[in-house]
Every structure is written in C-alpha cells, then in structure tokens.
>>> print(open('coords-v6.txt').read())   # compact mmCIF, C-alpha atoms and all ligand atoms
# COMPACT_ATOMS: atom_id res chain seq x y z
CA MET A 1 0.00 0.00 0.00
CA THR A 2 1.69 3.22 -1.07
CA SER A 3 0.99 6.61 0.43
CA LEU A 4 -0.47 7.52 -2.96
CA ASP A 5 -3.32 5.16 -2.13
CA ARG A 6 -4.20 7.15 0.97
CA GLU A 7 -4.84 10.84 0.56
CA ARG A 8 -6.35 13.67 2.60
CA ILE A 9 -7.31 16.78 0.64
CA ILE A 10 -8.49 19.97 2.33
CA VAL A 11 -10.48 22.42 0.23
CA GLU A 12 -11.87 25.85 1.11
CA ASP A 13 -15.59 25.22 1.53
CA ALA A 14 -18.62 23.11 0.55
CA GLU A 15 -18.66 24.50 -2.98
CA ALA A 16 -14.99 23.66 -3.52
CA LEU A 17 -15.66 20.20 -2.06
CA ALA A 18 -18.48 19.59 -4.53
CA LEU A 19 -16.37 20.71 -7.48
CA ALA A 20 -13.34 18.66 -6.41
CA ALA A 21 -15.52 15.58 -5.94
CA ALA A 22 -17.16 16.18 -9.32
CA GLU A 23 -13.72 16.31 -10.96
CA VAL A 24 -12.85 12.93 -9.41
CA PHE A 25 -16.21 11.44 -10.42
CA SER A 26 -15.79 12.67 -14.00
CA ARG A 27 -12.18 11.52 -14.32
CA GLN A 28 -12.90 8.12 -12.77
CA ALA A 29 -15.96 7.64 -15.00
CA ARG A 30 -14.01 8.38 -18.18
CA GLU A 31 -11.09 6.16 -17.13
CA SER A 32 -13.31 3.23 -16.10
CA VAL A 33 -15.37 3.40 -19.30
CA ALA A 34 -12.22 3.61 -21.41
CA VAL A 35 -10.78 0.49 -19.73
CA ARG A 36 -13.87 -1.60 -18.91
CA GLY A 37 -16.69 -0.08 -20.94
CA ARG A 38 -18.55 0.88 -17.79
CA PHE A 39 -18.27 2.90 -14.56
CA THR A 40 -19.78 1.48 -11.40
CA VAL A 41 -20.32 3.99 -8.60
CA ALA A 42 -22.00 3.70 -5.19
CA LEU A 43 -23.57 6.98 -4.14
CA ALA A 44 -23.53 8.32 -0.60
CA GLY A 45 -26.57 9.37 1.35
CA GLY A 46 -27.08 12.25 3.73
CA SER A 47 -26.94 15.93 2.82
CA THR A 48 -23.27 16.49 1.92
CA PRO A 49 -23.44 14.91 -1.56
CA ARG A 50 -26.39 17.11 -2.59
CA LEU A 51 -24.13 19.85 -3.91
CA LEU A 52 -21.90 17.32 -5.69
CA TYR A 53 -24.89 15.81 -7.48
CA ALA A 54 -26.12 19.27 -8.46
CA ARG A 55 -22.68 20.30 -9.82
CA LEU A 56 -22.36 17.08 -11.84
CA THR A 57 -25.46 18.04 -13.80
CA ASP A 58 -25.08 21.83 -13.78
CA PRO A 59 -25.20 22.89 -17.46
CA ALA A 60 -22.72 25.69 -16.61
CA ALA A 61 -20.16 23.10 -15.40
CA PRO A 62 -18.17 20.82 -17.74
CA PHE A 63 -19.16 17.49 -16.13
CA LEU A 64 -22.54 16.90 -17.78
CA ALA A 65 -20.88 16.89 -21.20
CA GLN A 66 -17.70 15.07 -20.07
CA ILE A 67 -19.20 12.01 -18.41
CA PRO A 68 -20.23 8.96 -20.54
CA TRP A 69 -23.56 8.72 -18.69
CA SER A 70 -24.94 5.84 -20.78
CA GLN A 71 -22.20 3.62 -19.36
CA VAL A 72 -22.53 4.79 -15.77
CA HIS A 73 -24.06 2.23 -13.38
CA VAL A 74 -25.38 3.66 -10.12
CA PHE A 75 -25.52 1.77 -6.85
CA TRP A 76 -26.02 3.03 -3.31
CA GLY A 77 -23.80 2.54 -0.27
CA ASP A 78 -26.86 2.45 1.94
CA GLU A 79 -30.52 3.35 2.13
CA ARG A 80 -33.06 4.26 4.73
CA HIS A 81 -36.00 1.87 5.14
CA VAL A 82 -38.42 4.16 3.33
CA PRO A 83 -40.04 4.25 -0.13
CA PRO A 84 -38.07 5.84 -2.99
CA ASP A 85 -40.30 8.93 -3.05
CA ASP A 86 -39.72 9.68 0.63
CA PRO A 87 -37.59 12.81 1.21
CA GLN A 88 -35.53 10.71 3.65
CA SER A 89 -34.59 8.33 0.85
CA ASN A 90 -30.99 8.43 -0.42
CA TYR A 91 -32.37 7.40 -3.80
CA TRP A 92 -34.74 10.41 -3.68
CA LEU A 93 -31.80 12.74 -2.94
CA ALA A 94 -29.88 11.40 -5.94
CA ARG A 95 -32.98 11.41 -8.14
CA GLU A 96 -33.75 15.05 -7.44
CA GLN A 97 -30.25 16.35 -8.01
CA LEU A 98 -28.63 13.86 -10.39
CA LEU A 99 -30.71 11.05 -11.85
CA SER A 100 -33.49 13.29 -13.16
CA ARG A 101 -30.92 15.50 -14.93
CA ALA A 102 -28.23 13.15 -16.23
CA PRO A 103 -29.04 10.83 -19.18
CA ILE A 104 -28.45 7.59 -17.29
CA PRO A 105 -30.49 4.67 -18.69
CA ALA A 106 -33.09 3.40 -16.20
CA GLY A 107 -31.55 -0.07 -16.41
CA ASN A 108 -28.31 1.37 -15.03
CA LEU A 109 -29.93 2.36 -11.73
CA HIS A 110 -29.44 -0.45 -9.22
CA ARG A 111 -31.67 0.88 -6.49
CA ILE A 112 -32.04 -0.65 -3.04
CA GLU A 113 -35.72 -1.61 -2.88
CA ALA A 114 -36.22 -0.09 0.55
CA GLU A 115 -39.99 0.07 0.07
CA ARG A 116 -40.13 -3.64 0.86
CA PRO A 117 -41.89 -4.12 4.24
CA ASP A 118 -39.04 -6.28 5.53
CA ALA A 119 -35.64 -4.55 5.35
CA LYS A 120 -33.96 -7.94 5.26
CA ASP A 121 -35.80 -8.73 2.02
CA ALA A 122 -34.52 -5.44 0.57
CA ALA A 123 -30.99 -6.39 1.61
CA ALA A 124 -31.33 -9.85 0.07
CA ALA A 125 -32.69 -8.43 -3.19
CA TYR A 126 -29.85 -5.88 -3.38
CA GLU A 127 -27.28 -8.60 -2.70
CA ALA A 128 -28.81 -10.71 -5.48
CA GLU A 129 -28.55 -7.75 -7.86
CA LEU A 130 -24.87 -7.23 -6.98
CA ILE A 131 -24.17 -10.94 -7.55
CA ARG A 132 -26.01 -10.85 -10.86
CA PHE A 133 -24.50 -7.62 -12.17
CA PHE A 134 -20.91 -8.40 -11.17
CA SER A 135 -21.25 -12.15 -11.92
CA LEU A 136 -19.89 -12.92 -8.46
CA SER A 137 -18.84 -16.34 -7.24
CA PRO A 138 -19.94 -17.39 -3.74
CA GLY A 139 -18.02 -15.36 -1.15
CA GLN A 140 -16.71 -12.89 -3.75
CA ALA A 141 -17.19 -9.15 -3.24
CA PRO A 142 -17.84 -6.76 -6.15
CA ARG A 143 -15.11 -4.30 -7.12
CA LEU A 144 -16.89 -0.98 -7.46
CA ASP A 145 -14.93 1.63 -9.40
CA LEU A 146 -15.85 4.41 -6.97
CA VAL A 147 -17.63 4.53 -3.63
CA LEU A 148 -18.73 7.88 -2.21
CA LEU A 149 -19.16 8.02 1.55
CA GLY A 150 -20.04 10.57 4.19
CA MET A 151 -19.20 10.60 7.89
CA GLY A 152 -21.60 11.24 10.73
CA THR A 153 -20.59 13.14 13.88
CA ASP A 154 -20.47 9.75 15.66
CA GLY A 155 -18.03 8.47 13.05
CA HIS A 156 -20.56 6.26 11.27
CA THR A 157 -20.41 5.86 7.52
CA ALA A 158 -23.05 4.51 5.18
CA SER A 159 -25.28 2.78 7.72
CA LEU A 160 -22.42 1.25 9.67
CA PHE A 161 -22.97 2.78 13.11
CA PRO A 162 -20.79 2.44 16.22
CA GLY A 163 -21.40 -0.90 17.91
CA SER A 164 -23.56 -2.22 15.07
CA ASP A 165 -23.46 -5.93 14.32
CA ALA A 166 -23.33 -4.94 10.63
CA LEU A 167 -19.70 -3.92 11.21
CA GLU A 168 -18.78 -7.53 11.85
CA VAL A 169 -20.55 -9.03 8.81
CA ARG A 170 -18.03 -10.80 6.59
CA ASP A 171 -20.23 -13.40 4.86
CA ALA A 172 -22.74 -11.05 3.19
CA LEU A 173 -22.53 -8.10 0.83
CA VAL A 174 -25.53 -6.28 2.28
CA ALA A 175 -26.94 -6.06 5.82
CA ALA A 176 -30.15 -4.66 7.31
CA PRO A 177 -29.25 -3.45 10.81
CA TRP A 178 -31.74 -2.01 13.31
CA ILE A 179 -30.56 1.49 14.19
CA ALA A 180 -31.83 2.14 17.73
CA LYS A 181 -31.14 5.89 17.62
CA PHE A 182 -33.47 6.23 14.67
CA SER A 183 -35.84 3.41 15.70
CA SER A 184 -35.64 2.13 12.17
CA TYR A 185 -33.86 -0.34 9.95
CA ARG A 186 -31.29 0.64 7.39
CA ILE A 187 -29.92 -1.31 4.42
CA THR A 188 -26.17 -1.02 3.93
CA LEU A 189 -23.25 -2.45 2.02
CA THR A 190 -20.89 -4.25 4.35
CA LEU A 191 -17.17 -3.76 4.96
CA PRO A 192 -16.14 -6.57 2.57
CA VAL A 193 -17.76 -4.61 -0.27
CA PHE A 194 -16.39 -1.21 0.70
CA ASN A 195 -12.91 -2.66 1.17
CA ALA A 196 -12.96 -4.45 -2.18
CA SER A 197 -13.54 -1.17 -4.01
CA ALA A 198 -11.07 0.36 -6.44
CA ALA A 199 -11.57 3.80 -4.89
CA VAL A 200 -13.37 5.18 -1.86
CA GLN A 201 -13.86 8.89 -1.43
CA PHE A 202 -15.12 10.39 1.83
CA LEU A 203 -16.82 13.76 1.52
CA VAL A 204 -16.82 15.65 4.84
CA SER A 205 -18.01 19.21 5.23
CA GLY A 206 -18.82 21.55 8.09
CA LYS A 207 -17.65 22.56 11.54
CA ASP A 208 -19.89 19.99 13.22
CA LYS A 209 -17.62 17.23 11.87
CA ALA A 210 -14.35 18.83 13.05
CA GLU A 211 -14.02 17.11 16.43
CA THR A 212 -14.90 13.70 15.04
CA LEU A 213 -12.44 14.13 12.16
CA ARG A 214 -9.73 15.11 14.64
CA ALA A 215 -10.37 11.94 16.64
CA VAL A 216 -10.52 9.79 13.50
CA PHE A 217 -7.11 11.02 12.38
CA ASP A 218 -5.59 11.12 15.86
CA PRO A 219 -2.77 8.53 15.86
CA LYS A 220 -3.46 8.04 19.58
CA SER A 221 -7.07 7.01 18.82
CA PRO A 222 -7.69 3.26 18.85
CA PRO A 223 -7.47 2.29 15.16
CA ASP A 224 -11.06 1.05 14.96
CA ALA A 225 -12.76 3.45 17.35
CA PHE A 226 -15.05 4.72 14.58
CA PRO A 227 -16.79 2.77 11.82
CA CYS A 228 -15.38 5.10 9.14
CA GLN A 229 -11.88 3.97 10.19
CA ARG A 230 -12.80 0.42 9.16
CA ILE A 231 -13.02 1.58 5.54
CA SER A 232 -9.65 0.65 4.09
CA PRO A 233 -9.70 -0.72 0.53
CA ALA A 234 -7.22 -3.61 0.41
CA ASN A 235 -6.29 -2.84 -3.17
CA GLY A 236 -7.73 0.58 -3.83
CA ARG A 237 -7.42 4.29 -3.19
CA LEU A 238 -8.86 5.95 -0.10
CA THR A 239 -9.31 9.72 -0.30
CA TRP A 240 -10.66 12.01 2.39
CA LEU A 241 -11.97 15.17 0.77
CA VAL A 242 -12.75 17.62 3.56
CA ASP A 243 -13.46 21.32 3.69
CA ARG A 244 -11.62 23.78 5.92
CA ALA A 245 -14.42 23.93 8.51
CA ALA A 246 -14.42 20.15 8.94
CA ALA A 247 -10.61 20.12 9.03
CA SER A 248 -10.40 22.98 11.56
CA ALA A 249 -9.42 20.71 14.49
CA LEU A 250 -6.82 18.70 12.59
CA GLU A 251 -3.22 19.29 13.55
CA SER A 252 -1.44 20.93 10.64
CA ARG A 253 1.26 18.55 9.47
C1 LIG B 1 -27.01 8.34 5.28
C2 LIG B 1 -25.56 8.23 4.94
C3 LIG B 1 -24.74 8.61 6.14
C4 LIG B 1 -24.21 10.01 5.88
C5 LIG B 1 -23.61 10.61 7.12
C6 LIG B 1 -23.23 12.07 6.88
O1 LIG B 1 -27.79 7.54 4.78
O2 LIG B 1 -27.34 9.28 6.02
O3 LIG B 1 -25.22 7.06 4.43
O4 LIG B 1 -23.66 7.75 6.39
O5 LIG B 1 -23.23 9.95 4.85
O6 LIG B 1 -24.58 10.53 8.14
O7 LIG B 1 -24.44 12.75 6.58
P1 LIG B 1 -24.42 14.32 6.17
O8 LIG B 1 -23.76 14.37 4.82
O9 LIG B 1 -25.88 14.70 6.12
O10 LIG B 1 -23.62 15.03 7.24
>>> encode(input="coords-v6.txt", output="structure tokens")
Amino acid sequence: MTSLDRERIIVEDAEALALAAAEVFSRQARESVAVRGRFTVALAGGSTPRLLYARLTDPAAPFLAQIPWSQVHVFWGDERHVPPDDPQSNYWLAREQLLSRAPIPAGNLHRIEAERPDAKDAAAAYEAELIRFFSLSPGQAPRLDLVLLGMGTDGHTASLFPGSDALEVRDALVAAPWIAKFSSYRITLTLPVFNASAAVQFLVSGKDKAETLRAVFDPKSPPDAFPCQRISPANGRLTWLVDRAAASALESR
C-alpha cells in the first residue's frame, strides 16, 4: 500500500468540495469506461453529496458533457428503510439532483428496494442484484470503481454505526441493521464490499464534523474506534476530501 493510495485533501468550503468531488467522479468515470466499458459507482446518502450531485449536472459546469452517462451504473452505499419517493430516501436525494438531470439509462440504476416491508428482504434483493451484475462467485465481493461516503458526527459511515453488528458481517454483501437511535432499519453495504472497491472517497463538510475528524485522524485514537476507520480498501485508493471547517481541528502537518 503506497501513500499515494491514501490521501487527505483539504479544500476551502462546501462549494470547492463539490467541485473537487465532481472532478474525481468525471475523471474516474471516463477512465473506467475507457478500460472496462462501464463505470460502477456507489452513491452516498445524507446531505453532503447534494451539492456534488447538483454540480455534476449543472449545465454551466463541464461534467454533464464530459461524463459517458450511458455507461454509468449507479448503486447506493446504503438506504433508509423508506419508499423511494420519501424525502428521507438516499435514492430520492440522488434522483432530485442527479438522476433526473443526467441521461443515465433506467436499467443502469441499481436501487435498493427499501420500500419492501421487511428490510432484510430489501438487503437480500440488493445482494442478489450485486451478484447478478458483477457475476460474483460465492463469497466474492464486487469491485466498485468508486464509492462515495459521508461521515456522521459519531463516526458512522453509510449505515455502519458504532457498535452495530453490521460492522462484523463478513459473509454477506448487504446487511439490514436495526438502528436504535433512529428506531428504524437501514440497508447497507458491508465492509467486505467497501474494502474491495477500487476507490473510496469520503466527503466531509462543516464545523460539526471537526471534532470527530480530529479523533478519526488522531494517531493516539484506537485504530477502529469509529466505523469510518474500518473503511480501508485492500487494493484501492482511499481519499478524504474535507473542507476547511471540517478540518479545523486537525493538527497541521
Ligand atoms: C445516510 C448516509 C450517512 C451520511 C452521514 C453524513 O444515509 O445518512 O449514508 O452515512 O453519509 O450521516 O451525513 P451528512 O452528509 O448529512 O452530514
């Protein structure tokens, strides 16, 4: 693992973060399509990616024209246990800002069917779709070209929360943990999938994340104190893209 595979980039603000992430998305999409004829990306949930999704499809920005959208395949890192038209849905966030504006074929959207009454059924269906699409052998994890992730103030990422059993899942690609703090289920990719990816990019913005980010990067912190620290692609790039407010408690190197 070279240091090139692990990178922390600090940008001025949320706008700069969105543009920097859009550059990576565009470059990675073009490279993946050139090499493999497709680009497989898992989108993040939460509010941080909203600006990225908007910039990717902003007619005034270069990305809409640059990206080979017809060969882009969209997955999700996690989903709330709500229907796709619920404002809480990560699919709904992407649909509003990205999917309704970029010419991605409907067959390229590999949505988590979180409208299913039983979250475990949604997880099983998503796992079956991953196995089908990536032609996986038993026990094999898919190699996504790019995974976008956020970080919560408790250090969770996707729907891998501190103390969750989902963090220990090694024999499944998707889990459906009960999240007590939200009194609801979530559906999430598991660590074997995240850590099989070719590239993972964390997007972290805002002062409210500063203390958590300091602890995450503190060499004196236990290495696995936070779920986001468990994301470490075995044979892939890991980039933390953070804005100055989120980085404000980091020791300058
Ligand atoms: C979700 C995300 C979650 C999110 C973080 C950060 O479904 O909410 O998967 O992991 O990325 O909670 O959320 P913000 O971007 O809203 O701070």
>>> residues_around(input="coords-v6.txt", residues="Ala198 in chain A", least_positions_apart="5", cutoff="7 Å", atoms="all atoms listed in the file", output="list in words")
Arg143, Leu144, Asp145, Leu146, Asn235, Gly236 and Arg237 of chain A
>>> residues_near_ligand(input="coords-v6.txt", ligand="ligand LIG 1 (chain B)", cutoff="9 Å", atoms="all atoms listed in the file", output="VMD selection string")
chain A and resid 43 to 50 76 to 80 88 to 90 148 to 161 186 188 202 to 206 208 to 209
>>> write_last_selection(input="coords-v6.txt", atoms="C-alpha atoms", output="PDB file, in the frame of the given file")
ATOM      1  CA  LEU A  43     -23.570   6.980  -4.140  1.00  0.00           C
ATOM      2  CA  ALA A  44     -23.530   8.320  -0.600  1.00  0.00           C
ATOM      3  CA  GLY A  45     -26.570   9.370   1.350  1.00  0.00           C
ATOM      4  CA  GLY A  46     -27.080  12.250   3.730  1.00  0.00           C
ATOM      5  CA  SER A  47     -26.940  15.930   2.820  1.00  0.00           C
ATOM      6  CA  THR A  48     -23.270  16.490   1.920  1.00  0.00           C
ATOM      7  CA  PRO A  49     -23.440  14.910  -1.560  1.00  0.00           C
ATOM      8  CA  ARG A  50     -26.390  17.110  -2.590  1.00  0.00           C
ATOM      9  CA  TRP A  76     -26.020   3.030  -3.310  1.00  0.00           C
ATOM     10  CA  GLY A  77     -23.800   2.540  -0.270  1.00  0.00           C
ATOM     11  CA  ASP A  78     -26.860   2.450   1.940  1.00  0.00           C
ATOM     12  CA  GLU A  79     -30.520   3.350   2.130  1.00  0.00           C
ATOM     13  CA  ARG A  80     -33.060   4.260   4.730  1.00  0.00           C
ATOM     14  CA  GLN A  88     -35.530  10.710   3.650  1.00  0.00           C
ATOM     15  CA  SER A  89     -34.590   8.330   0.850  1.00  0.00           C
ATOM     16  CA  ASN A  90     -30.990   8.430  -0.420  1.00  0.00           C
ATOM     17  CA  LEU A 148     -18.730   7.880  -2.210  1.00  0.00           C
ATOM     18  CA  LEU A 149     -19.160   8.020   1.550  1.00  0.00           C
ATOM     19  CA  GLY A 150     -20.040  10.570   4.190  1.00  0.00           C
ATOM     20  CA  MET A 151     -19.200  10.600   7.890  1.00  0.00           C
ATOM     21  CA  GLY A 152     -21.600  11.240  10.730  1.00  0.00           C
ATOM     22  CA  THR A 153     -20.590  13.140  13.880  1.00  0.00           C
ATOM     23  CA  ASP A 154     -20.470   9.750  15.660  1.00  0.00           C
ATOM     24  CA  GLY A 155     -18.030   8.470  13.050  1.00  0.00           C
ATOM     25  CA  HIS A 156     -20.560   6.260  11.270  1.00  0.00           C
ATOM     26  CA  THR A 157     -20.410   5.860   7.520  1.00  0.00           C
ATOM     27  CA  ALA A 158     -23.050   4.510   5.180  1.00  0.00           C
ATOM     28  CA  SER A 159     -25.280   2.780   7.720  1.00  0.00           C
ATOM     29  CA  LEU A 160     -22.420   1.250   9.670  1.00  0.00           C
ATOM     30  CA  PHE A 161     -22.970   2.780  13.110  1.00  0.00           C
ATOM     31  CA  ARG A 186     -31.290   0.640   7.390  1.00  0.00           C
ATOM     32  CA  THR A 188     -26.170  -1.020   3.930  1.00  0.00           C
ATOM     33  CA  PHE A 202     -15.120  10.390   1.830  1.00  0.00           C
ATOM     34  CA  LEU A 203     -16.820  13.760   1.520  1.00  0.00           C
ATOM     35  CA  VAL A 204     -16.820  15.650   4.840  1.00  0.00           C
ATOM     36  CA  SER A 205     -18.010  19.210   5.230  1.00  0.00           C
ATOM     37  CA  GLY A 206     -18.820  21.550   8.090  1.00  0.00           C
ATOM     38  CA  ASP A 208     -19.890  19.990  13.220  1.00  0.00           C
ATOM     39  CA  LYS A 209     -17.620  17.230  11.870  1.00  0.00           C
TER      40      LYS A 209
END
>>> residues_around(input="coords-v6.txt", residues="Phe25 in chain A", least_positions_apart="2", cutoff="10 Å", atoms="all atoms listed in the file", output="PDB file with C-alpha atoms, keeping the file's coordinate frame")
ATOM      1  CA  LEU A  19     -16.370  20.710  -7.480  1.00  0.00           C
ATOM      2  CA  ALA A  20     -13.340  18.660  -6.410  1.00  0.00           C
ATOM      3  CA  ALA A  21     -15.520  15.580  -5.940  1.00  0.00           C
ATOM      4  CA  ALA A  22     -17.160  16.180  -9.320  1.00  0.00           C
ATOM      5  CA  GLU A  23     -13.720  16.310 -10.960  1.00  0.00           C
ATOM      6  CA  ARG A  27     -12.180  11.520 -14.320  1.00  0.00           C
ATOM      7  CA  GLN A  28     -12.900   8.120 -12.770  1.00  0.00           C
ATOM      8  CA  ALA A  29     -15.960   7.640 -15.000  1.00  0.00           C
ATOM      9  CA  ARG A  30     -14.010   8.380 -18.180  1.00  0.00           C
ATOM     10  CA  GLU A  31     -11.090   6.160 -17.130  1.00  0.00           C
ATOM     11  CA  PHE A  39     -18.270   2.900 -14.560  1.00  0.00           C
ATOM     12  CA  VAL A  41     -20.320   3.990  -8.600  1.00  0.00           C
ATOM     13  CA  LEU A  52     -21.900  17.320  -5.690  1.00  0.00           C
ATOM     14  CA  LEU A  56     -22.360  17.080 -11.840  1.00  0.00           C
ATOM     15  CA  PHE A  63     -19.160  17.490 -16.130  1.00  0.00           C
ATOM     16  CA  ILE A  67     -19.200  12.010 -18.410  1.00  0.00           C
ATOM     17  CA  ASP A 145     -14.930   1.630  -9.400  1.00  0.00           C
ATOM     18  CA  LEU A 146     -15.850   4.410  -6.970  1.00  0.00           C
ATOM     19  CA  VAL A 147     -17.630   4.530  -3.630  1.00  0.00           C
ATOM     20  CA  LEU A 148     -18.730   7.880  -2.210  1.00  0.00           C
ATOM     21  CA  GLN A 201     -13.860   8.890  -1.430  1.00  0.00           C
TER      22      GLN A 201
END
>>> residues_around(input="coords-v6.txt", residues="Val74 in chain A", least_positions_apart="3", cutoff="7 Å", atoms="only C-alpha atoms", output="PyMOL selection string")
chain A and resi 40-42+108-110
>>> closest_residue(input="coords-v6.txt", among="A:Leu189, A:Ala16, A:Val72, A:Ala119", to="Arg38 in chain A", atoms="only C-alpha atoms")
A:Val72
